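One file, my_file34.cif, is given below (mmCIF, C-alpha atoms).
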```cif
data_coords
#
loop_
_atom_site.group_PDB
_atom_site.id
_atom_site.type_symbol
_atom_site.label_atom_id
_atom_site.label_comp_id
_atom_site.auth_asym_id
_atom_site.auth_seq_id
_atom_site.Cartn_x
_atom_site.Cartn_y
_atom_site.Cartn_z
ATOM 1 C CA THR A 16 6.819 45.546 -6.131
ATOM 2 C CA ASP A 17 4.076 44.535 -8.575
ATOM 3 C CA SER A 18 0.313 44.262 -8.478
ATOM 4 C CA THR A 19 -0.747 42.042 -11.386
ATOM 5 C CA LYS A 20 -4.364 40.948 -10.872
ATOM 6 C CA ASN A 21 -7.226 42.135 -13.058
ATOM 7 C CA ILE A 22 -9.668 44.030 -10.882
ATOM 8 C CA LYS A 23 -13.395 44.666 -11.339
ATOM 9 C CA GLY A 24 -15.759 46.419 -8.966
ATOM 10 C CA VAL A 25 -17.913 49.443 -8.232
ATOM 11 C CA SER A 26 -16.248 52.312 -6.275
ATOM 12 C CA TYR A 27 -13.087 52.992 -4.233
ATOM 13 C CA ILE A 28 -10.876 50.771 -6.354
ATOM 14 C CA GLY A 29 -7.094 50.847 -6.764
ATOM 15 C CA GLY A 30 -4.413 48.467 -7.957
ATOM 16 C CA LEU A 31 -2.704 48.804 -4.559
ATOM 17 C CA ILE A 32 -5.156 50.609 -2.238
ATOM 18 C CA GLY A 33 -8.875 51.137 -2.768
ATOM 19 C CA SER A 34 -9.490 53.736 -0.040
ATOM 20 C CA ALA A 35 -7.226 55.261 2.611
ATOM 21 C CA ASN A 36 -8.607 57.554 5.319
ATOM 22 C CA ALA A 37 -5.169 58.180 6.838
ATOM 23 C CA SER A 38 -1.691 59.003 5.617
ATOM 24 C CA VAL A 39 0.217 56.520 3.446
ATOM 25 C CA THR A 40 4.011 56.306 3.184
ATOM 26 C CA ILE A 41 5.775 54.071 0.665
ATOM 27 C CA ASN A 42 9.537 54.002 1.189
ATOM 28 C CA ASN A 43 10.743 52.540 -2.077
ATOM 29 C CA ALA A 44 13.741 54.665 -3.032
ATOM 30 C CA SER A 45 15.585 51.712 -4.566
ATOM 31 C CA ILE A 46 12.602 49.982 -6.213
ATOM 32 C CA GLU A 47 9.640 50.797 -8.402
ATOM 33 C CA VAL A 48 6.055 50.353 -7.215
ATOM 34 C CA THR A 49 4.119 49.202 -10.270
ATOM 35 C CA ASN A 50 0.507 48.353 -10.912
ATOM 36 C CA LYS A 51 0.056 45.974 -13.860
ATOM 37 C CA SER A 52 -3.588 45.199 -13.113
ATOM 38 C CA ASN A 53 -6.294 46.202 -15.544
ATOM 39 C CA ILE A 54 -9.063 47.941 -13.604
ATOM 40 C CA GLN A 55 -12.711 48.093 -14.659
ATOM 41 C CA ALA A 56 -15.219 49.886 -12.401
ATOM 42 C CA THR A 57 -18.759 51.188 -12.564
ATOM 43 C CA GLY A 58 -18.535 53.811 -9.794
ATOM 44 C CA ASN A 59 -16.421 56.678 -8.467
ATOM 45 C CA TYR A 60 -12.868 56.908 -7.081
ATOM 46 C CA VAL A 61 -10.760 54.639 -9.251
ATOM 47 C CA GLY A 62 -6.964 54.737 -9.643
ATOM 48 C CA GLY A 63 -4.126 52.585 -10.910
ATOM 49 C CA HIS A 64 -2.520 52.709 -7.449
ATOM 50 C CA ILE A 65 -5.060 54.370 -5.128
ATOM 51 C CA GLY A 66 -8.748 54.998 -5.680
ATOM 52 C CA TYR A 67 -9.359 57.484 -2.841
ATOM 53 C CA ILE A 68 -7.093 58.982 -0.177
ATOM 54 C CA GLU A 69 -7.828 61.526 2.551
ATOM 55 C CA GLY A 70 -4.428 61.596 4.265
ATOM 56 C CA VAL A 71 -0.989 62.623 3.040
ATOM 57 C CA LEU A 72 0.665 60.345 0.466
ATOM 58 C CA PHE A 73 4.460 60.125 0.352
ATOM 59 C CA VAL A 74 6.294 57.878 -2.112
ATOM 60 C CA SER A 75 10.100 57.989 -1.931
ATOM 61 C CA GLY A 76 10.687 56.290 -5.294
ATOM 62 C CA ASP A 77 8.880 55.674 -8.579
ATOM 63 C CA ALA A 78 5.143 55.044 -8.973
ATOM 64 C CA VAL A 79 4.204 53.418 -12.290
ATOM 65 C CA ASN A 80 0.903 52.229 -13.727
ATOM 66 C CA GLU A 81 0.850 49.773 -16.634
ATOM 67 C CA GLY A 82 -2.770 48.582 -16.549
ATOM 68 C CA PHE A 83 -5.734 50.342 -18.092
ATOM 69 C CA VAL A 84 -8.049 52.150 -15.667
ATOM 70 C CA HIS A 85 -11.666 52.435 -16.807
ATOM 71 C CA SER A 86 -14.786 53.572 -14.955
ATOM 72 C CA ASP A 87 -18.340 54.372 -15.954
ATOM 73 C CA SER A 88 -18.320 57.207 -13.417
ATOM 74 C CA GLU A 89 -16.045 59.963 -12.016
ATOM 75 C CA TYR A 90 -12.693 60.630 -10.303
ATOM 76 C CA VAL A 91 -10.429 58.379 -12.335
ATOM 77 C CA GLY A 92 -6.629 58.552 -12.561
ATOM 78 C CA GLY A 93 -3.713 56.487 -13.785
ATOM 79 C CA ILE A 94 -2.125 56.656 -10.319
ATOM 80 C CA ILE A 95 -4.730 58.282 -7.998
ATOM 81 C CA GLY A 96 -8.438 58.721 -8.595
ATOM 82 C CA TYR A 97 -9.147 61.310 -5.871
ATOM 83 C CA THR A 98 -7.004 62.900 -3.173
ATOM 84 C CA LYS A 99 -8.002 65.314 -0.402
ATOM 85 C CA SER A 100 -4.501 65.968 0.928
ATOM 86 C CA ASN A 101 -0.863 66.519 -0.049
ATOM 87 C CA VAL A 102 0.822 64.132 -2.466
ATOM 88 C CA THR A 103 4.602 63.816 -2.810
ATOM 89 C CA ILE A 104 6.294 61.417 -5.214
ATOM 90 C CA ASP A 105 10.070 61.883 -5.135
ATOM 91 C CA GLY A 106 10.750 59.608 -8.088
ATOM 92 C CA THR A 107 8.952 59.371 -11.426
ATOM 93 C CA ALA A 108 5.168 59.158 -11.546
ATOM 94 C CA LYS A 109 4.276 57.478 -14.825
ATOM 95 C CA ASN A 110 1.152 56.123 -16.477
ATOM 96 C CA ASN A 111 2.416 53.742 -19.135
ATOM 97 C CA ALA A 112 -0.785 51.808 -19.772
ATOM 98 C CA ASN A 113 -1.805 50.498 -23.179
ATOM 99 C CA SER A 114 -5.068 51.821 -24.531
ATOM 100 C CA VAL A 115 -7.916 49.302 -24.526
ATOM 101 C CA SER A 116 -11.229 50.210 -26.180
ATOM 102 C CA GLY A 117 -9.567 53.464 -27.173
ATOM 103 C CA ALA A 118 -8.325 54.540 -23.747
ATOM 104 C CA ALA A 119 -5.698 53.845 -21.086
ATOM 105 C CA VAL A 120 -7.655 55.966 -18.592
ATOM 106 C CA LYS A 121 -11.377 56.499 -19.050
ATOM 107 C CA GLY A 122 -14.201 57.979 -16.972
ATOM 108 C CA LYS A 123 -17.022 60.519 -17.058
ATOM 109 C CA ASN A 124 -15.567 63.659 -15.440
ATOM 110 C CA TYR A 125 -12.443 64.408 -13.386
ATOM 111 C CA VAL A 126 -10.118 62.165 -15.368
ATOM 112 C CA GLY A 127 -6.326 62.444 -15.428
ATOM 113 C CA GLY A 128 -3.331 60.447 -16.610
ATOM 114 C CA ILE A 129 -1.875 60.621 -13.091
ATOM 115 C CA ILE A 130 -4.555 62.145 -10.797
ATOM 116 C CA GLY A 131 -8.264 62.502 -11.520
ATOM 117 C CA TYR A 132 -9.108 65.137 -8.890
ATOM 118 C CA ALA A 133 -6.955 66.784 -6.229
ATOM 119 C CA HIS A 134 -9.521 68.504 -4.030
ATOM 120 C CA SER A 135 -9.377 70.803 -1.032
ATOM 121 C CA THR A 136 -12.156 73.154 0.064
ATOM 122 C CA SER A 137 -9.491 75.624 1.223
ATOM 123 C CA ASP A 138 -7.269 75.167 -1.860
ATOM 124 C CA ASP A 139 -4.298 74.439 0.416
ATOM 125 C CA ILE A 140 -3.136 70.998 -0.676
ATOM 126 C CA VAL A 141 0.133 70.595 -2.552
ATOM 127 C CA ILE A 142 0.771 68.055 -5.314
ATOM 128 C CA ASN A 143 4.565 67.758 -5.386
ATOM 129 C CA LEU A 144 5.796 65.457 -8.128
ATOM 130 C CA SER A 145 9.390 65.306 -9.324
ATOM 131 C CA THR A 146 9.010 63.940 -12.863
ATOM 132 C CA VAL A 147 5.603 63.126 -14.329
ATOM 133 C CA ILE A 148 4.928 61.247 -17.568
ATOM 134 C CA ASN A 149 1.697 60.110 -19.156
ATOM 135 C CA GLY A 150 2.114 57.834 -22.154
ATOM 136 C CA ASP A 151 5.188 56.926 -24.164
ATOM 137 C CA ALA A 152 6.995 58.993 -26.791
ATOM 138 C CA SER A 153 7.699 55.870 -28.880
ATOM 139 C CA ASN A 154 4.233 54.296 -28.584
ATOM 140 C CA PRO A 155 1.231 56.543 -29.344
ATOM 141 C CA SER A 156 -1.233 53.856 -28.230
ATOM 142 C CA LYS A 157 -0.190 54.328 -24.596
ATOM 143 C CA GLY A 158 -1.643 56.894 -22.222
ATOM 144 C CA LYS A 159 -4.762 57.802 -24.186
ATOM 145 C CA ILE A 160 -7.387 59.500 -22.028
ATOM 146 C CA ILE A 161 -11.132 59.728 -22.634
ATOM 147 C CA ALA A 162 -13.762 61.614 -20.621
ATOM 148 C CA THR A 163 -17.374 60.840 -21.485
ATOM 149 C CA GLY A 164 -19.145 63.352 -19.204
ATOM 150 C CA ALA A 165 -20.587 66.768 -20.013
ATOM 151 C CA ASN A 166 -18.143 68.760 -17.846
ATOM 152 C CA GLY A 167 -14.921 66.985 -18.715
ATOM 153 C CA TYR A 168 -12.268 68.175 -16.246
ATOM 154 C CA VAL A 169 -9.779 66.031 -18.097
ATOM 155 C CA GLY A 170 -6.000 66.463 -18.315
ATOM 156 C CA GLY A 171 -2.934 64.561 -19.405
ATOM 157 C CA ILE A 172 -1.589 64.732 -15.843
ATOM 158 C CA VAL A 173 -4.390 66.063 -13.567
ATOM 159 C CA GLY A 174 -8.078 66.379 -14.379
ATOM 160 C CA ARG A 175 -8.943 69.061 -11.828
ATOM 161 C CA LEU A 176 -6.750 70.696 -9.190
ATOM 162 C CA ASN A 177 -8.003 72.625 -6.134
ATOM 163 C CA GLY A 178 -4.605 73.331 -4.667
ATOM 164 C CA SER A 179 -0.997 73.877 -5.763
ATOM 165 C CA TYR A 180 0.931 71.813 -8.294
ATOM 166 C CA VAL A 181 4.727 71.725 -8.162
ATOM 167 C CA THR A 182 6.891 69.626 -10.459
ATOM 168 C CA ILE A 183 10.281 69.711 -12.135
ATOM 169 C CA GLU A 184 9.027 68.194 -15.381
ATOM 170 C CA SER A 185 5.618 67.164 -16.724
ATOM 171 C CA SER A 186 5.164 65.438 -20.078
ATOM 172 C CA ASN A 187 2.037 64.104 -21.738
ATOM 173 C CA TYR A 188 2.203 61.936 -24.869
ATOM 174 C CA GLY A 189 -1.311 60.510 -24.820
ATOM 175 C CA SER A 190 -4.240 61.923 -26.752
ATOM 176 C CA ILE A 191 -6.989 63.527 -24.663
ATOM 177 C CA THR A 192 -10.608 63.399 -25.764
ATOM 178 C CA ALA A 193 -13.728 64.765 -24.071
ATOM 179 C CA ASN A 194 -16.507 63.081 -26.004
ATOM 180 C CA ASN A 195 -19.391 65.201 -24.717
ATOM 181 C CA VAL A 196 -17.705 68.586 -24.314
ATOM 182 C CA SER A 197 -17.892 71.015 -27.209
ATOM 183 C CA GLU A 198 -14.679 72.836 -28.093
ATOM 184 C CA THR A 199 -16.665 76.095 -27.682
ATOM 185 C CA ASP A 200 -18.379 75.052 -24.435
ATOM 186 C CA SER A 201 -17.378 77.313 -21.532
ATOM 187 C CA THR A 202 -18.262 74.609 -18.983
ATOM 188 C CA GLY A 203 -15.864 72.022 -20.378
ATOM 189 C CA TYR A 204 -12.279 71.860 -19.089
ATOM 190 C CA ILE A 205 -9.676 70.003 -21.148
ATOM 191 C CA GLY A 206 -5.884 70.391 -20.973
ATOM 192 C CA GLY A 207 -2.736 68.661 -22.123
ATOM 193 C CA ILE A 208 -1.296 68.866 -18.590
ATOM 194 C CA ILE A 209 -4.160 70.004 -16.280
ATOM 195 C CA GLY A 210 -7.835 70.218 -17.178
ATOM 196 C CA GLN A 211 -8.608 72.958 -14.645
ATOM 197 C CA ALA A 212 -6.234 74.499 -12.092
ATOM 198 C CA CYS A 213 -7.784 76.589 -9.298
ATOM 199 C CA ASN A 214 -4.567 77.662 -7.593
ATOM 200 C CA ASN A 215 -0.806 77.963 -8.089
ATOM 201 C CA VAL A 216 0.977 75.907 -10.723
ATOM 202 C CA ASN A 217 4.789 75.783 -10.691
ATOM 203 C CA ILE A 218 6.233 73.605 -13.463
ATOM 204 C CA GLY A 219 9.889 73.685 -14.435
ATOM 205 C CA THR A 220 9.219 72.135 -17.855
ATOM 206 C CA ALA A 221 5.832 71.201 -19.304
ATOM 207 C CA ARG A 222 5.414 69.360 -22.598
ATOM 208 C CA ASN A 223 2.221 68.168 -24.226
ATOM 209 C CA TYR A 224 2.554 66.067 -27.379
ATOM 210 C CA GLY A 225 -0.936 64.552 -27.337
ATOM 211 C CA ASN A 226 -3.899 65.722 -29.379
ATOM 212 C CA VAL A 227 -6.482 67.531 -27.217
ATOM 213 C CA LYS A 228 -10.041 67.665 -28.496
ATOM 214 C CA GLY A 229 -13.700 67.953 -27.594
ATOM 215 C CA LYS A 230 -16.483 66.305 -29.505
#
```

Spit out the file's structure as structure tokens when you get a sec.
Amino acid sequence: TDSTKNIKGVSYIGGLIGSANASVTINNASIEVTNKSNIQATGNYVGGHIGYIEGVLFVSGDAVNEGFVHSDSEYVGGIIGYTKSNVTIDGTAKNNANSVSGAAVKGKNYVGGIIGYAHSTSDDIVINLSTVINGDASNPSKGKIIATGANGYVGGIVGRLNGSYVTIESSNYGSITANNVSETDSTGYIGGIIGQACNNVNIGTARNYGNVKGK
């Protein structure tokens, strides 16, 4: 299943779903759900597959993004911009987008190769991903991430996590740059896998090969 249109807009924008206030189930065990659309937004909640979701997301197969995802604002992710509930992807979650204007995924704050912000006021949501990949080991131009805001919250996989993160394997190959966060600034959060984690993180194998830098 492919989404291949170029998309421009303001907020709540996704290659497959802009905003979902209920649960979403994608039963695709034998196929790959891929977004090939390039997405350019000016507002919040922007993702390669889903911009904003409040309900539970379950994907039985692979979820792949191949289009760049750029926003002038916050909550930007290669797969999901912002989620308020549990996410389960049984297959591979991969952001394989080429970098355009220096970035495959770009936003102000809360920017991630897979998820921009996983948020729960009670810290009880669970992000359960089997295998997660941002970028490509053989192509350093893919998966580059840029945050332009003062706080950053930028990660190769997740920008900010208020909940639990469980995965068998997480790999980031894309460079991560926070243009307006000093490397000595205590309010800036930048990570090869997760920018800031506020709860449990359980990763079987984590690998970051991308350069991580502030301004």

*For the structure provided, state which residues fall under the PyMOL selection byres ((chain A and resi 81) around 6), and present them as a PyMOL selection string.*
chain A and resi 50-51+80+82+111-112

*State, in Å with one decimal place, the distance from atom CA of Thr107 of chain A to atom CA of Tyr125 of chain A.*
22.1 Å

*For Ser145 of chain A, which of A:Gly171, A:Gly131, A:Gly76, A:Gly207 is the closest residue, counting all atoms listed in the file?*
A:Gly76

*Write out as a list of chain:residue names the residues lying within 12 Å of Asn42 of chain A, counting only C-alpha atoms and excluding same-chain residues fewer than 6 positions away.*
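These residues fall inside the cut-off: A:Thr16, A:Val48, A:Leu72, A:Phe73, A:Val74, A:Ser75, A:Gly76, A:Asp77, A:Ala78, A:Thr103, A:Ile104, A:Asp105, A:Gly106.
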
*asked:* I'd like to know which of A:Phe83, A:Ala37, A:Val173, A:Tyr97 is closest to Gly66 of chain A, using all atoms listed in the file.
replied: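 With all atoms listed in the file as the atom set, the closest residue is A:Tyr97.
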
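Atom CA of Val84 of chain A is positioned 9.3 Å from atom CA of Val115 of chain A.
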
Hits of the PyMOL selection byres ((chain A and resi 65) around 6) in this structure, as a PDB file with C-alpha atoms, in the coordinates of the input:
```pdb
ATOM      1  CA  GLY A  29      -7.094  50.847  -6.764  1.00  0.00           C
ATOM      2  CA  ILE A  32      -5.156  50.609  -2.238  1.00  0.00           C
ATOM      3  CA  GLY A  33      -8.875  51.137  -2.768  1.00  0.00           C
ATOM      4  CA  GLY A  62      -6.964  54.737  -9.643  1.00  0.00           C
ATOM      5  CA  HIS A  64      -2.520  52.709  -7.449  1.00  0.00           C
ATOM      6  CA  GLY A  66      -8.748  54.998  -5.680  1.00  0.00           C
ATOM      7  CA  TYR A  67      -9.359  57.484  -2.841  1.00  0.00           C
ATOM      8  CA  ILE A  95      -4.730  58.282  -7.998  1.00  0.00           C
TER       9      ILE A  95
END
```

*Mind pulling up the distance from atom CA of Ser34 of chain A to atom CA of Val216 of chain A?*
26.7 Å

*Take the PyMOL selection byres ((chain A and resi 210) around 10), apply it to the structure above, and return the hits as a PyMOL selection string.*
chain A and resi 125-127+131-132+167-176+203-209+211-212

Export of the given selection (C-alpha atoms) as a PDB file, in the frame of the given file:
```pdb
ATOM      1  CA  TYR A 125     -12.443  64.408 -13.386  1.00  0.00           C
ATOM      2  CA  VAL A 126     -10.118  62.165 -15.368  1.00  0.00           C
ATOM      3  CA  GLY A 127      -6.326  62.444 -15.428  1.00  0.00           C
ATOM      4  CA  GLY A 131      -8.264  62.502 -11.520  1.00  0.00           C
ATOM      5  CA  TYR A 132      -9.108  65.137  -8.890  1.00  0.00           C
ATOM      6  CA  GLY A 167     -14.921  66.985 -18.715  1.00  0.00           C
ATOM      7  CA  TYR A 168     -12.268  68.175 -16.246  1.00  0.00           C
ATOM      8  CA  VAL A 169      -9.779  66.031 -18.097  1.00  0.00           C
ATOM      9  CA  GLY A 170      -6.000  66.463 -18.315  1.00  0.00           C
ATOM     10  CA  GLY A 171      -2.934  64.561 -19.405  1.00  0.00           C
ATOM     11  CA  ILE A 172      -1.589  64.732 -15.843  1.00  0.00           C
ATOM     12  CA  VAL A 173      -4.390  66.063 -13.567  1.00  0.00           C
ATOM     13  CA  GLY A 174      -8.078  66.379 -14.379  1.00  0.00           C
ATOM     14  CA  ARG A 175      -8.943  69.061 -11.828  1.00  0.00           C
ATOM     15  CA  LEU A 176      -6.750  70.696  -9.190  1.00  0.00           C
ATOM     16  CA  GLY A 203     -15.864  72.022 -20.378  1.00  0.00           C
ATOM     17  CA  TYR A 204     -12.279  71.860 -19.089  1.00  0.00           C
ATOM     18  CA  ILE A 205      -9.676  70.003 -21.148  1.00  0.00           C
ATOM     19  CA  GLY A 206      -5.884  70.391 -20.973  1.00  0.00           C
ATOM     20  CA  GLY A 207      -2.736  68.661 -22.123  1.00  0.00           C
ATOM     21  CA  ILE A 208      -1.296  68.866 -18.590  1.00  0.00           C
ATOM     22  CA  ILE A 209      -4.160  70.004 -16.280  1.00  0.00           C
ATOM     23  CA  GLN A 211      -8.608  72.958 -14.645  1.00  0.00           C
ATOM     24  CA  ALA A 212      -6.234  74.499 -12.092  1.00  0.00           C
TER      25      ALA A 212
END
```

*Using all atoms listed in the file, collect all residues at a distance of at most 10 Å from (-9.4, 58.5, 4.9) as written in the file, then present them as a list of chain:residue names.*
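The distance filter leaves exactly A:Ser34, A:Ala35, A:Asn36, A:Ala37, A:Ser38, A:Val39, A:Tyr67, A:Ile68, A:Glu69, A:Gly70, A:Val71, A:Thr98, A:Lys99, A:Ser100.
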
For the residues in that selection, give me C-alpha atoms as a PDB file, in the frame of the given file.
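Just written: part_37.pdb:
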```pdb
ATOM      1  CA  SER A  34      -9.490  53.736  -0.040  1.00  0.00           C
ATOM      2  CA  ALA A  35      -7.226  55.261   2.611  1.00  0.00           C
ATOM      3  CA  ASN A  36      -8.607  57.554   5.319  1.00  0.00           C
ATOM      4  CA  ALA A  37      -5.169  58.180   6.838  1.00  0.00           C
ATOM      5  CA  SER A  38      -1.691  59.003   5.617  1.00  0.00           C
ATOM      6  CA  VAL A  39       0.217  56.520   3.446  1.00  0.00           C
ATOM      7  CA  TYR A  67      -9.359  57.484  -2.841  1.00  0.00           C
ATOM      8  CA  ILE A  68      -7.093  58.982  -0.177  1.00  0.00           C
ATOM      9  CA  GLU A  69      -7.828  61.526   2.551  1.00  0.00           C
ATOM     10  CA  GLY A  70      -4.428  61.596   4.265  1.00  0.00           C
ATOM     11  CA  VAL A  71      -0.989  62.623   3.040  1.00  0.00           C
ATOM     12  CA  THR A  98      -7.004  62.900  -3.173  1.00  0.00           C
ATOM     13  CA  LYS A  99      -8.002  65.314  -0.402  1.00  0.00           C
ATOM     14  CA  SER A 100      -4.501  65.968   0.928  1.00  0.00           C
TER      15      SER A 100
END
```

Which residues of segment 81-111 of chain A have any atom within 7 Å of an atom in segment 148-154 of chain A when counting all atoms listed in the file, and what is the closest pair of atoms for each, with the distance in Å to one decimal? Order the rows by chain and rising number and write it as CSV.
```
residue,atom,partner,partner_atom,distance
A:Ala108,CA,A:Ile148,CA,6.4
A:Lys109,CA,A:Ile148,CA,4.7
A:Asn110,CA,A:Asn149,CA,4.8
A:Asn111,CA,A:Gly150,CA,5.1
```

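Minimum atom-to-atom distance to Ile54 of chain A, evaluated using only C-alpha atoms, belongs to A:Tyr27 out of A:Tyr224, A:Tyr180, A:Tyr188, A:Tyr27.
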
*Smallest atom-to-atom distance to Ala119 of chain A: which of A:Val196, A:Ile183, A:Ile28, A:Ile161, using all atoms listed in the file?*
A:Ile161

So that all listed atoms of segment 141-153 of chain A fit with 4 Å spare on each side, what axis-aligned box centre and edge lengths in Å, to one decimal, would you give as AutoDock Vina command-line options?
```
--center_x 4.8 --center_y 63.2 --center_z -15.7 --size_x 17.3 --size_y 22.7 --size_z 34.3
```

*Of the candidates A:Gly219, A:Gly58, A:Gly92, A:Gly158, which one gets nearest to Gly117 of chain A if we count all atoms listed in the file?*
A:Gly158

Would you mind putting back all heavy atoms on segment 92-100 of chain A, then writing it out as a tab-separated table (two decimals), in the coordinates of the input?
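Writing the result to part_25.tsv gives the following:
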```tsv
chain	number	residue	atom	x	y	z
A	92	GLY	N	-8.00	58.16	-12.24
A	92	GLY	CA	-6.63	58.55	-12.56
A	92	GLY	C	-5.72	57.36	-12.76
A	92	GLY	O	-5.94	56.28	-12.20
A	93	GLY	N	-4.68	57.56	-13.55
A	93	GLY	CA	-3.71	56.49	-13.78
A	93	GLY	C	-2.98	56.05	-12.53
A	93	GLY	O	-2.65	54.88	-12.37
A	94	ILE	N	-2.75	56.98	-11.60
A	94	ILE	CA	-2.12	56.66	-10.32
A	94	ILE	C	-3.13	56.82	-9.18
A	94	ILE	O	-3.33	55.91	-8.38
A	94	ILE	CB	-0.89	57.54	-10.06
A	94	ILE	CG1	0.16	57.37	-11.18
A	94	ILE	CG2	-0.27	57.21	-8.71
A	94	ILE	CD1	0.80	56.01	-11.24
A	95	ILE	N	-3.79	57.98	-9.08
A	95	ILE	CA	-4.73	58.28	-8.00
A	95	ILE	C	-6.04	58.79	-8.60
A	95	ILE	O	-6.02	59.70	-9.43
A	95	ILE	CB	-4.16	59.36	-7.04
A	95	ILE	CG1	-2.83	58.91	-6.44
A	95	ILE	CG2	-5.16	59.68	-5.94
A	95	ILE	CD1	-2.08	60.02	-5.72
A	96	GLY	N	-7.15	58.22	-8.14
A	96	GLY	CA	-8.44	58.72	-8.60
A	96	GLY	C	-8.81	60.05	-7.96
A	96	GLY	O	-9.14	61.01	-8.65
A	97	TYR	N	-8.71	60.12	-6.62
A	97	TYR	CA	-9.15	61.31	-5.87
A	97	TYR	C	-8.30	61.45	-4.62
A	97	TYR	O	-8.14	60.49	-3.86
A	97	TYR	CB	-10.62	61.13	-5.50
A	97	TYR	CG	-11.29	62.29	-4.79
A	97	TYR	CD1	-12.16	63.12	-5.48
A	97	TYR	CD2	-11.11	62.52	-3.43
A	97	TYR	CE1	-12.82	64.17	-4.84
A	97	TYR	CE2	-11.76	63.57	-2.79
A	97	TYR	CZ	-12.62	64.38	-3.50
A	97	TYR	OH	-13.27	65.42	-2.87
A	98	THR	N	-7.75	62.64	-4.41
A	98	THR	CA	-7.00	62.90	-3.17
A	98	THR	C	-7.51	64.17	-2.52
A	98	THR	O	-7.83	65.15	-3.19
A	98	THR	CB	-5.49	63.03	-3.43
A	98	THR	OG1	-4.83	63.35	-2.19
A	98	THR	CG2	-5.17	64.10	-4.46
A	99	LYS	N	-7.57	64.15	-1.18
A	99	LYS	CA	-8.00	65.31	-0.40
A	99	LYS	C	-6.85	65.92	0.39
A	99	LYS	O	-7.06	66.81	1.21
A	99	LYS	CB	-9.12	64.92	0.56
A	99	LYS	CG	-10.41	64.52	-0.11
A	99	LYS	CD	-11.52	64.24	0.89
A	99	LYS	CE	-12.04	65.51	1.54
A	99	LYS	NZ	-13.21	65.24	2.41
A	100	SER	N	-5.63	65.46	0.15
A	100	SER	CA	-4.50	65.97	0.93
A	100	SER	C	-3.25	66.01	0.06
A	100	SER	O	-3.28	65.74	-1.14
A	100	SER	CB	-4.28	65.10	2.17
A	100	SER	OG	-3.39	65.72	3.07
```
